[in-house]
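Encoded as structure tokens, the structure appears first; notes follow it.
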Amino acid sequence: MQHHTQATLVLYNGVIFTADKQNTLCQAMAVRDDRILFTGTSDQAANYIGPETTVMDLGGKMVLPGLIDSHIHPPGLSLSQLYEVQLTGKHSISEYVAAVEEFYHTRPGLKAIYGRGWSWADLEGEEAVLGPRKEYLDNITNNIPIILRSSDGHTLWVNSKALQMNGITAATVSPHGGEIIRHQETGELWGTLKESAMRLLPLAEYTPGQYEEAMRLFQEKMHSFGITGILSFSSMVVDALFQSLQKMEEEESLHLRVSGALAFHPHEDLAYQWERFHGLRQKYQSPLLQIRTAKFFADGVVEGGTSCLCQPYSPALGKGGSYCGEFLWDKDKLNDAFLAATGQGIQIHVHSTGDQATANVLDALEYVQHHGESAHCHHTITHLQLVRPQDITRFRDLSVIASVQPYWHCKGPGWWEDVDFRFLGQRANQEFPLGSFFHHDVVVASSSDYIATLVPNPFVAMQIGVTRNLPDGRAYGVDNITDIDDPRYLLNPKERATIIEMIRSFTINNAYALFLDHETGSLETGKKADFIVIDQNVLAIDPLAIGQTKVLMTFFGGKLVYSR
């Protein structure tokens, strides 16, 4: 008679999607401590039940591997919700101003006001191109600086005090890759700074205790969405953020697998940046924390007119008929930086929204492949708003991961027509390829880019990936759609993916992107028991209902860390 190891937890009578190579479905799973012991039938699972085993009847509910977000900015909205003015959910200049004014008058003694969330889609006239004027904020106060980041994170709206305190005048030269916006006729400062020009102003500063409080709230939010692993992007505060995570890990209260990335800037000394990277990489090496990714910005964003395109922007941008945006790196310098990264086993993760930028980045990665060591670095390009058709197969041929944010892959009311179509014209109908990557066997890693995406619910992203249509009209103040082919918000249905492809993009593909696929990302014997229980079988429901899926329980390393 065969002896079976006693499990600490057995789940049976369910629909368990393992995300293994065969996309196996089974009924039951056995867990021993933090590892998966068995997957198979309910009858077979009974062999692993002993007197100390916790047994759970799933009652037909579905189990998936723990979800992973491979491009996210912790602590997300947690810090801003605790300590900054909230512009998210406001939809006009007057509402923004009212929120800042209330924040200022109810918090005496402030040394500065920070906030985030104003949207380009809410602006009109000159401001739809230049951003909101500083005078709105000057009328609130010029005693302290006001610094407000746009919802996409690529533009600051500030008052005159913020400019003055940081020595920015009408004569200040815009840094390479950025722009200090000026009145088009008078040359006076407008009150907005784009891309690298934002770095002329200081970031908000928080104490270690404040970071820790925010990270605990962030972790709770992740678990409520079934997320058990992340790739973290946090610009200049990586060390402060990881110190709070390290403390949580020491206290055994960290229940996320966290990979970190550090941004590299084209016009700063690369030797210093590599030194800083290696210092942090060495400092944070533990079972749950690691830093092994270097992030590069190839261009900006379409709404700011800073994406690097193959063909010029529409005249509505106001930049002239030949303006295509700017590629932020000297190509030779980028080649050298990529070679240095690959030679040291460091993952390259590149922000690229424009088709010309992505073509240039692929050129640099191809250069590395021909001139560097053959390292398995899982290099990645993210966002991919416009991509030339001929470059899709280059991702596969160069083994480059396509990092996508499916939350944006529909014609969002109040955005697509007012921003994307306005600046791109008919090209906007072909933006955000998805199905093409899957069809050409490219590894697709899905993510939220939270807080650019306000609610990082992976099931909403899965629904949009499958439908390429509006997920929830209420969030936009419009009616829900009832037909997957409703043309009002449908974005290039040829780019639809399957639900299995979408699940894999949030599980095993993301685990691969984070170098964790040997440990997690699928429910297979020997792997970590990171998994979630959800309330409906997403493989067998109306695609328009996928986004309504509720996470009932989240398990991390075999322990229940969230229950609805």
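By convention here, the chains of the structure tokens are called A, B, ... in the order presented, each chain's residues are numbered starting at 1, and ligands are numbered starting at 1 in the order presented.
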Contact residues around Gly354 (chain A) with only C-alpha atoms at 9 Å, ignoring same-chain residues under 6 positions, as JSON, numbers by chain
{"A": [298, 299, 300, 301, 302, 306, 307, 308, 309, 310, 325, 384, 385, 386, 387]}
If we count only C-alpha atoms, what is near region 100-103 of chain A at a cut-off of 9 Å, once residues fewer than 5 positions away on the same chain are taken out, given as a ChimeraX atom specification?
/A:84-87,95,113,115,137,140-141,146
Running DSSP on the backbone, which parts of region 142-371 of chain A land in strand (DSSP E), as a PyMOL selection string?
chain A and resi 146-150+155-158+178-182+189-195+227-233+257-264+289-297+347-352
Might you pull out every residue within 9 Å of Ile72 (chain A), with only C-alpha atoms counted and same-chain residues fewer than 6 positions away left off, and present them as a PyMOL selection string?
chain A and resi 230-234+447-452+456
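Residue nearest Asp441 (chain A) within the list A:Arg394, A:Arg182, A:His349, A:Arg488: A:Arg394 [criterion: smallest interatomic distance, only C-alpha atoms].
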Could you work out how far CA of Ser119 (chain A) lies from CA of Gly412 (chain A), giving the answer in Å with one decimal?
13.0 Å
In terms of the shortest atom-to-atom distance over only C-alpha atoms, which of A:Ile534, A:Ile541, A:Val466, A:Leu289 is closest to Ser563 (chain A)?
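Distance minimum relative to Ser563 (chain A) lands on A:Ile534.
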Contacts of region 330-335 of chain A at 7 Å or less, counting only C-alpha atoms, minus same-chain residues fewer than 4 places along, as a list in words?
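My reading of the contact set: Leu339, Ala364, Tyr367 and Val368 of chain A.
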Do a neighbour search on Ile291 (chain A) at 6 Å with only C-alpha atoms, toss out local chain neighbours closer than 6 positions, and write the hits as a list in words.
Ser259, Gly260, Ala261 and Arg281 of chain A
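Nearest residue to Phe437 (chain A) among A:Trp415, A:Trp274, A:Tyr323, A:Phe395 is A:Phe395, counting only C-alpha atoms.
The gap separating CA of His91 (chain A) from CA of Glu124 (chain A) is 11.9 Å, in Å to one decimal.
We find CA of Leu110 (chain A) and CA of Thr207 (chain A) to be spaced 15.5 Å apart.
Of the residues in region 364-457 of chain A, those that DSSP places in alpha helix (DSSP H) on the basis of the backbone are Ala364, Leu365, Glu366, Tyr367, Val368, Gln369, His370, His371, Pro389, Gln390, Asp391, Ile392, Thr393, Arg394, Phe395, Arg396, Asp397, Phe421, Arg422, Phe423, Leu424, Gly435, Ser436, Phe437, Phe438 and His439 of chain A.
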Store the residues picked out above in a file with N, CA, C and O atoms, as a compact mmCIF listing (two decimals), in the first residue's frame.
# COMPACT_ATOMS: atom_id res chain seq x y z
N ALA A 364 18.45 48.08 -30.07
CA ALA A 364 19.48 48.03 -29.03
C ALA A 364 19.56 46.64 -28.41
O ALA A 364 20.66 46.14 -28.12
N LEU A 365 18.41 45.99 -28.20
CA LEU A 365 18.43 44.64 -27.64
C LEU A 365 19.01 43.64 -28.63
O LEU A 365 19.66 42.67 -28.24
N GLU A 366 18.77 43.88 -29.91
CA GLU A 366 19.38 43.02 -30.93
C GLU A 366 20.90 43.21 -30.96
O GLU A 366 21.66 42.25 -31.11
N TYR A 367 21.33 44.46 -30.79
CA TYR A 367 22.77 44.75 -30.71
C TYR A 367 23.40 43.97 -29.55
O TYR A 367 24.47 43.36 -29.69
N VAL A 368 22.73 43.98 -28.41
CA VAL A 368 23.24 43.28 -27.24
C VAL A 368 23.34 41.78 -27.52
O VAL A 368 24.32 41.13 -27.15
N GLN A 369 22.33 41.25 -28.19
CA GLN A 369 22.33 39.82 -28.49
C GLN A 369 23.51 39.44 -29.38
O GLN A 369 24.08 38.35 -29.26
N HIS A 370 23.90 40.35 -30.28
CA HIS A 370 24.99 40.05 -31.21
C HIS A 370 26.37 40.34 -30.62
O HIS A 370 27.36 39.78 -31.07
N HIS A 371 26.43 41.23 -29.61
CA HIS A 371 27.73 41.66 -29.10
C HIS A 371 27.99 41.31 -27.64
O HIS A 371 29.11 41.49 -27.16
N PRO A 389 3.72 46.57 -37.05
CA PRO A 389 3.43 45.14 -37.20
C PRO A 389 4.68 44.28 -37.34
O PRO A 389 4.75 43.17 -36.79
N GLN A 390 5.69 44.78 -38.07
CA GLN A 390 6.90 43.98 -38.28
C GLN A 390 7.73 43.81 -37.01
O GLN A 390 8.62 42.96 -36.95
N ASP A 391 7.44 44.62 -35.99
CA ASP A 391 8.20 44.50 -34.75
C ASP A 391 7.61 43.47 -33.79
O ASP A 391 8.26 43.07 -32.82
N ILE A 392 6.37 43.03 -34.04
CA ILE A 392 5.76 42.02 -33.16
C ILE A 392 6.61 40.75 -33.15
O ILE A 392 6.93 40.20 -32.09
N THR A 393 6.99 40.28 -34.33
CA THR A 393 7.77 39.05 -34.39
C THR A 393 9.19 39.24 -33.85
O THR A 393 9.83 38.28 -33.44
N ARG A 394 9.68 40.47 -33.85
CA ARG A 394 11.01 40.72 -33.30
C ARG A 394 11.03 40.45 -31.79
O ARG A 394 12.05 40.02 -31.24
N PHE A 395 9.92 40.72 -31.11
CA PHE A 395 9.84 40.38 -29.70
C PHE A 395 10.12 38.89 -29.50
O PHE A 395 10.91 38.50 -28.64
N ARG A 396 9.44 38.07 -30.31
CA ARG A 396 9.64 36.62 -30.20
C ARG A 396 11.07 36.23 -30.55
O ARG A 396 11.72 35.47 -29.82
N ASP A 397 11.57 36.74 -31.67
CA ASP A 397 12.89 36.33 -32.14
C ASP A 397 14.00 36.74 -31.19
O ASP A 397 15.05 36.07 -31.11
N PHE A 421 -7.20 59.78 -30.03
CA PHE A 421 -7.59 60.03 -31.42
C PHE A 421 -7.23 61.45 -31.84
O PHE A 421 -6.84 61.69 -32.98
N ARG A 422 -7.36 62.37 -30.91
CA ARG A 422 -7.06 63.77 -31.23
C ARG A 422 -5.61 63.96 -31.65
O ARG A 422 -5.30 64.71 -32.57
N PHE A 423 -4.69 63.27 -30.97
CA PHE A 423 -3.27 63.46 -31.24
C PHE A 423 -2.69 62.45 -32.23
O PHE A 423 -1.65 62.71 -32.84
N LEU A 424 -3.36 61.30 -32.39
CA LEU A 424 -2.83 60.25 -33.26
C LEU A 424 -3.63 60.06 -34.55
O LEU A 424 -3.13 59.45 -35.49
N GLY A 435 -3.58 40.58 -28.84
CA GLY A 435 -3.71 39.27 -29.46
C GLY A 435 -2.56 38.94 -30.39
O GLY A 435 -2.12 37.79 -30.46
N SER A 436 -2.04 39.94 -31.08
CA SER A 436 -0.93 39.70 -32.02
C SER A 436 0.30 39.16 -31.30
O SER A 436 1.02 38.32 -31.85
N PHE A 437 0.56 39.65 -30.10
CA PHE A 437 1.70 39.13 -29.34
C PHE A 437 1.48 37.65 -28.99
O PHE A 437 2.38 36.82 -29.17
N PHE A 438 0.29 37.33 -28.50
CA PHE A 438 0.00 35.92 -28.18
C PHE A 438 0.09 35.05 -29.44
O PHE A 438 0.67 33.96 -29.41
N HIS A 439 -0.47 35.53 -30.54
CA HIS A 439 -0.51 34.74 -31.77
C HIS A 439 0.89 34.44 -32.29
O HIS A 439 1.10 33.44 -32.98
Find the residues around Ala294 (chain A) up to 6 Å (only C-alpha atoms counted), leave out those fewer than 3 positions away in its own chain, and share them as a list in words.
Ala261, Leu262, Ala263 and Ile348 of chain A
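Distances from A:Thr358, A:Thr507, A:Gln548, A:Thr8 to Phe531 (chain A) were compared using only C-alpha atoms, and the smallest one belongs to A:Thr507.
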Find the residues near Leu544 (chain A): any atom within 8 Å, counting only C-alpha atoms, skip ones fewer than 6 places away on the same chain, and give them as a PyMOL selection string.
chain A and resi 463+467+471+482+484
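Here the question is which of A:Glu213, A:Ala340, A:Ser244, A:Thr382 gets nearest to Leu270 (chain A) using only C-alpha atoms, and that residue is A:Ala340.
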Smallest atom-to-atom distance to Pro132 (chain A): which of A:Tyr512, A:Tyr489, A:Trp118, A:Phe297, using only C-alpha atoms?
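Using only C-alpha atoms, Pro132 (chain A) sits closest to A:Trp118.
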